[in-house]
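Trainee: Handing over entry33.txt, compact mmCIF, C-alpha atoms and all ligand atoms.
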```
# COMPACT_ATOMS: atom_id res chain seq x y z
CA MET A 1 4.81 0.62 16.10
CA LEU A 2 2.13 -0.98 13.97
CA ILE A 3 4.35 -2.05 11.04
CA PRO A 4 8.14 -1.94 11.43
CA TRP A 5 9.80 -1.35 8.06
CA ASN A 6 11.06 -4.57 6.57
CA ASP A 7 13.40 -4.85 3.58
CA ALA A 8 11.22 -7.71 2.34
CA PHE A 9 8.79 -4.94 1.27
CA ILE A 10 11.29 -3.64 -1.30
CA VAL A 11 10.17 -4.23 -4.89
CA GLY A 12 13.17 -2.58 -6.53
CA VAL A 13 11.45 0.40 -8.18
CA PRO A 14 12.49 3.51 -6.24
CA GLU A 15 9.22 5.38 -6.80
CA ILE A 16 7.10 2.43 -5.61
CA ASP A 17 9.41 1.68 -2.69
CA GLY A 18 9.28 5.31 -1.57
CA GLN A 19 5.49 5.22 -1.70
CA HIS A 20 5.34 1.97 0.26
CA ARG A 21 7.50 3.60 2.95
CA GLU A 22 5.16 6.55 3.03
CA LEU A 23 2.17 4.20 3.39
CA VAL A 24 3.88 2.42 6.28
CA ASP A 25 4.68 5.78 7.91
CA LEU A 26 1.07 6.94 7.59
CA LEU A 27 -0.28 3.67 9.01
CA ASN A 28 2.13 3.92 11.94
CA ARG A 29 1.19 7.55 12.51
CA LEU A 30 -2.50 6.70 12.45
CA HIS A 31 -1.90 3.98 15.00
CA THR A 32 0.12 6.29 17.31
CA GLU A 33 -2.37 9.14 17.04
CA SER A 34 -5.25 6.85 17.84
CA GLN A 35 -3.46 5.61 20.94
CA ASP A 36 -1.99 8.84 22.22
CA GLY A 37 -5.20 10.79 22.50
CA HIS A 38 -4.65 12.88 19.34
CA HIS A 39 -8.09 11.80 18.31
CA GLU A 40 -8.76 15.01 16.44
CA ILE A 41 -5.69 14.58 14.20
CA ALA A 42 -6.25 10.94 13.32
CA PRO A 43 -9.12 11.45 10.79
CA ALA A 44 -6.93 13.88 8.79
CA THR A 45 -4.14 11.27 8.78
CA PHE A 46 -6.66 8.71 7.54
CA GLU A 47 -7.56 11.00 4.65
CA ARG A 48 -3.88 11.45 3.78
CA LEU A 49 -3.46 7.69 3.83
CA GLU A 50 -6.39 7.27 1.48
CA GLU A 51 -5.10 9.92 -0.92
CA HIS A 52 -1.64 8.42 -0.86
CA ALA A 53 -3.01 4.92 -1.49
CA MET A 54 -4.96 6.23 -4.53
CA LEU A 55 -1.90 7.92 -5.99
CA HIS A 56 0.29 4.92 -5.29
CA PHE A 57 -2.11 2.45 -6.91
CA LYS A 58 -2.24 4.61 -10.03
CA VAL A 59 1.55 4.58 -10.27
CA GLU A 60 1.70 0.79 -9.86
CA GLU A 61 -1.11 0.25 -12.34
CA THR A 62 0.45 2.52 -14.96
CA LEU A 63 3.73 0.64 -14.63
CA MET A 64 2.05 -2.79 -14.83
CA LYS A 65 0.07 -1.79 -17.89
CA MET A 66 3.08 -0.23 -19.60
CA LEU A 67 5.10 -3.42 -19.12
CA GLY A 68 2.30 -5.79 -20.16
CA TYR A 69 2.11 -7.49 -16.77
CA ALA A 70 -0.10 -10.62 -17.01
CA GLU A 71 -1.56 -10.16 -13.50
CA TYR A 72 -2.55 -6.56 -14.18
CA ASP A 73 -6.33 -7.14 -13.93
CA SER A 74 -6.33 -9.08 -10.67
CA HIS A 75 -3.76 -6.77 -9.08
CA ARG A 76 -5.81 -3.77 -10.09
CA GLN A 77 -8.96 -5.42 -8.76
CA ASP A 78 -7.26 -5.88 -5.39
CA HIS A 79 -6.44 -2.15 -5.34
CA GLY A 80 -10.03 -1.30 -6.25
CA GLU A 81 -11.40 -3.45 -3.44
CA LEU A 82 -9.18 -1.72 -0.93
CA LEU A 83 -10.21 1.73 -2.12
CA ALA A 84 -13.88 0.76 -1.75
CA GLN A 85 -13.16 -0.62 1.73
CA LEU A 86 -11.19 2.48 2.69
CA LYS A 87 -14.27 4.62 2.15
CA ILE A 88 -16.28 2.49 4.59
CA LEU A 89 -13.41 2.23 7.07
CA ARG A 90 -12.86 6.00 6.93
CA GLN A 91 -16.44 6.54 8.04
CA GLN A 92 -16.14 3.96 10.83
CA PHE A 93 -12.88 5.57 11.88
CA ALA A 94 -14.38 9.07 11.91
CA ASP A 95 -17.25 7.80 14.04
CA GLY A 96 -14.56 6.87 16.57
CA ALA A 97 -15.81 3.37 17.29
CA GLN A 98 -13.50 0.38 16.99
CA ARG A 99 -10.56 2.38 15.69
CA GLN A 100 -8.05 -0.29 16.62
CA GLN A 101 -10.08 -2.83 14.71
CA VAL A 102 -10.10 -0.58 11.62
CA ILE A 103 -6.34 -0.08 11.92
CA GLY A 104 -5.86 -3.84 12.31
CA ARG A 105 -7.74 -4.42 9.05
CA LEU A 106 -5.60 -1.84 7.25
CA ARG A 107 -2.42 -3.48 8.54
CA ASP A 108 -3.59 -6.96 7.47
CA TRP A 109 -4.45 -5.68 4.02
CA PHE A 110 -1.14 -3.87 3.61
CA LEU A 111 0.96 -6.84 4.73
CA GLY A 112 -1.14 -9.27 2.69
CA HIS A 113 -1.03 -7.17 -0.48
CA ILE A 114 2.65 -6.30 -0.30
CA GLY A 115 3.57 -9.81 0.82
CA GLN A 116 1.82 -11.41 -2.12
CA ARG A 117 0.77 -9.14 -4.98
CA ASP A 118 3.65 -6.70 -4.82
CA VAL A 119 6.21 -9.46 -4.27
CA GLU A 120 4.87 -11.17 -7.42
CA LEU A 121 5.18 -7.86 -9.25
CA ALA A 122 8.74 -7.50 -7.94
CA SER A 123 9.76 -10.90 -9.33
CA PHE A 124 8.24 -9.97 -12.70
CA LEU A 125 10.24 -6.72 -12.68
CA ASP A 126 13.40 -8.63 -11.69
CA ALA A 127 12.93 -11.09 -14.54
CA LEU A 128 12.39 -8.20 -16.94
CA SER A 129 15.57 -6.40 -15.94
CA ALA A 130 17.52 -9.69 -16.09
CA GLN A 131 16.24 -10.12 -19.67
CA ALA A 132 17.19 -6.56 -20.54
CA ALA A 133 20.67 -7.11 -19.08
CA ALA A 134 21.05 -10.34 -21.07
CA CYS A 135 20.09 -8.52 -24.28
CA GLN A 136 22.72 -5.88 -23.65
CA ALA A 137 25.45 -8.44 -22.92
FE FE B 1 -0.07 -3.13 -5.39
```
Here is the file; what I need is its structure written in the form of structure tokens.
Ligand SMILES: [Fe+2]
Mentor:
Amino acid sequence: MLIPWNDAFIVGVPEIDGQHRELVDLLNRLHTESQDGHHEIAPATFERLEEHAMLHFKVEETLMKMLGYAEYDSHRQDHGELLAQLKILRQQFADGAQRQQVIGRLRDWFLGHIGQRDVELASFLDALSAQAAACQA
């Protein structure tokens, strides 16, 4: 398995957490398909991963904007850079060369982004719900 699910990925918003799980599943599937000789399926999985990433980033960005998150611009920029990279990686992947290297880059990005940007977002969301709870008390 490329990325075993880890509860440290949980940000506390069910919609985002569900999408992160789906991203992990797709990355793991891509990895398995590339290893198991399902080479014809893997490019379709890559496209699904790309579509899912686009949808997921939109959801996160809408939430960040709605809540006035201070790191919105830099977080969004990180998403944009990945989407631009995904286009290049998709082509490299479809060409069939260095697939494991492409998958390794996707894994590093995912773990890096979730481990830093999304964890920062999670603490902001935690602080916000603590404030809301304090106001209701
Ligand atoms: Fe994100």
Trainee: Go ahead and compute the interatomic distance for atom FE of ligand FE 1 (chain B) and atom CA of Gln98 of chain A, in Å to one decimal.
Mentor: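 Result for atom FE of ligand FE 1 (chain B) versus atom CA of Gln98 of chain A: 26.3 Å, one decimal.
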Trainee: Residues at most 10 Å from segment 109-117 of chain A, counting all atoms listed in the file, excluding those fewer than 6 positions away in the same chain, as a PyMOL selection string?
Mentor: chain A and resi 3+8-11+20+23-24+27+71+74-76+78-79+82+103
Trainee: Could you pull out every residue with an atom within 10 Å of (2.4, 2.0, -7.3), file coordinates, counting only C-alpha atoms, and send them as a list in words?
Mentor: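 Checked against the point, the hits come out as Val13, Glu15, Ile16, Asp17, Gly18, Gln19, His20, His52, Ala53, Met54, Leu55, His56, Phe57, Lys58, Val59, Glu60, Glu61, Thr62, Leu63, Met64, His79 and Asp118 of chain A.
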Trainee: Please indicate the distance in Å from atom CA of Gln85 of chain A to atom CA of Ala44 of chain A, rounded to one decimal place.
Mentor: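 Interatomic distance, atom CA of Gln85 of chain A to atom CA of Ala44 of chain A: 17.3 Å.
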Trainee: List as a PyMOL selection string the protein and nucleic acid residues near Asp95 of chain A, meaning an atom at most 12 Å away when all atoms listed in the file are counted, but skip any in the same chain fewer than 6 places from it.
Mentor: chain A and resi 39-40+42-43+88-89+102
Trainee: State, in Å with one decimal place, the distance from atom CA of Gly80 of chain A to atom CA of Glu47 of chain A.
Mentor: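 Result for atom CA of Gly80 of chain A versus atom CA of Glu47 of chain A: 16.6 Å, one decimal.
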Trainee: Could you tell me which of A:Gln77, A:Asn6, A:Ser123, A:Gln35 comes closest to ligand FE 1 (chain B) if we count all atoms listed in the file?
Mentor: A:Gln77
Trainee: Restricting the calculation to only C-alpha atoms and all ligand atoms: of A:Glu22, A:Glu33, A:Glu120, A:Asp108, which residue gets closest to ligand FE 1 (chain B)?
Mentor: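 Of all the options, A:Glu120 lies closest to ligand FE 1 (chain B).
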Trainee: Smallest atom-to-atom distance to ligand FE 1 (chain B): which of A:Asp126, A:Lys87, A:Arg99, A:Val119, using only C-alpha atoms and all ligand atoms?
Mentor: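 Result for the nearest residue to ligand FE 1 (chain B): A:Val119.
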Trainee: Choose the residue, out of A:Leu26, A:Ala70, A:Leu121, A:Met1, that has the smallest atom-to-atom separation from ligand FE 1 (chain B); count only C-alpha atoms and all ligand atoms.
Mentor: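 For ligand FE 1 (chain B), the nearest of the candidates is A:Leu121.
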Trainee: Work out where the centre of an axis-aligned box around every listed atom of segment 80-88 of chain A lies and how long its edges are once 3 Å is added on each side; give both in Å to one decimal as lines of an AutoDock Vina configuration file.
Mentor:
```
center_x = -12.7
center_y = 0.6
center_z = -0.8
size_x = 13.1
size_y = 14.1
size_z = 16.8
```
Trainee: Find, counting only C-alpha atoms and all ligand atoms, the residue in A:Glu81, A:Gly104, A:Arg48, A:Cys135 that gets nearest to ligand FE 1 (chain B).
Mentor: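 Residue with the minimum atom-to-atom distance to ligand FE 1 (chain B): A:Glu81.
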Trainee: When distances are computed from all atoms listed in the file, which of A:Trp5, A:Ala134, A:Asp73, A:Asn28 shows the smallest separation from ligand FE 1 (chain B)?
Mentor: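 The answer is A:Asp73, which sits nearest to ligand FE 1 (chain B).
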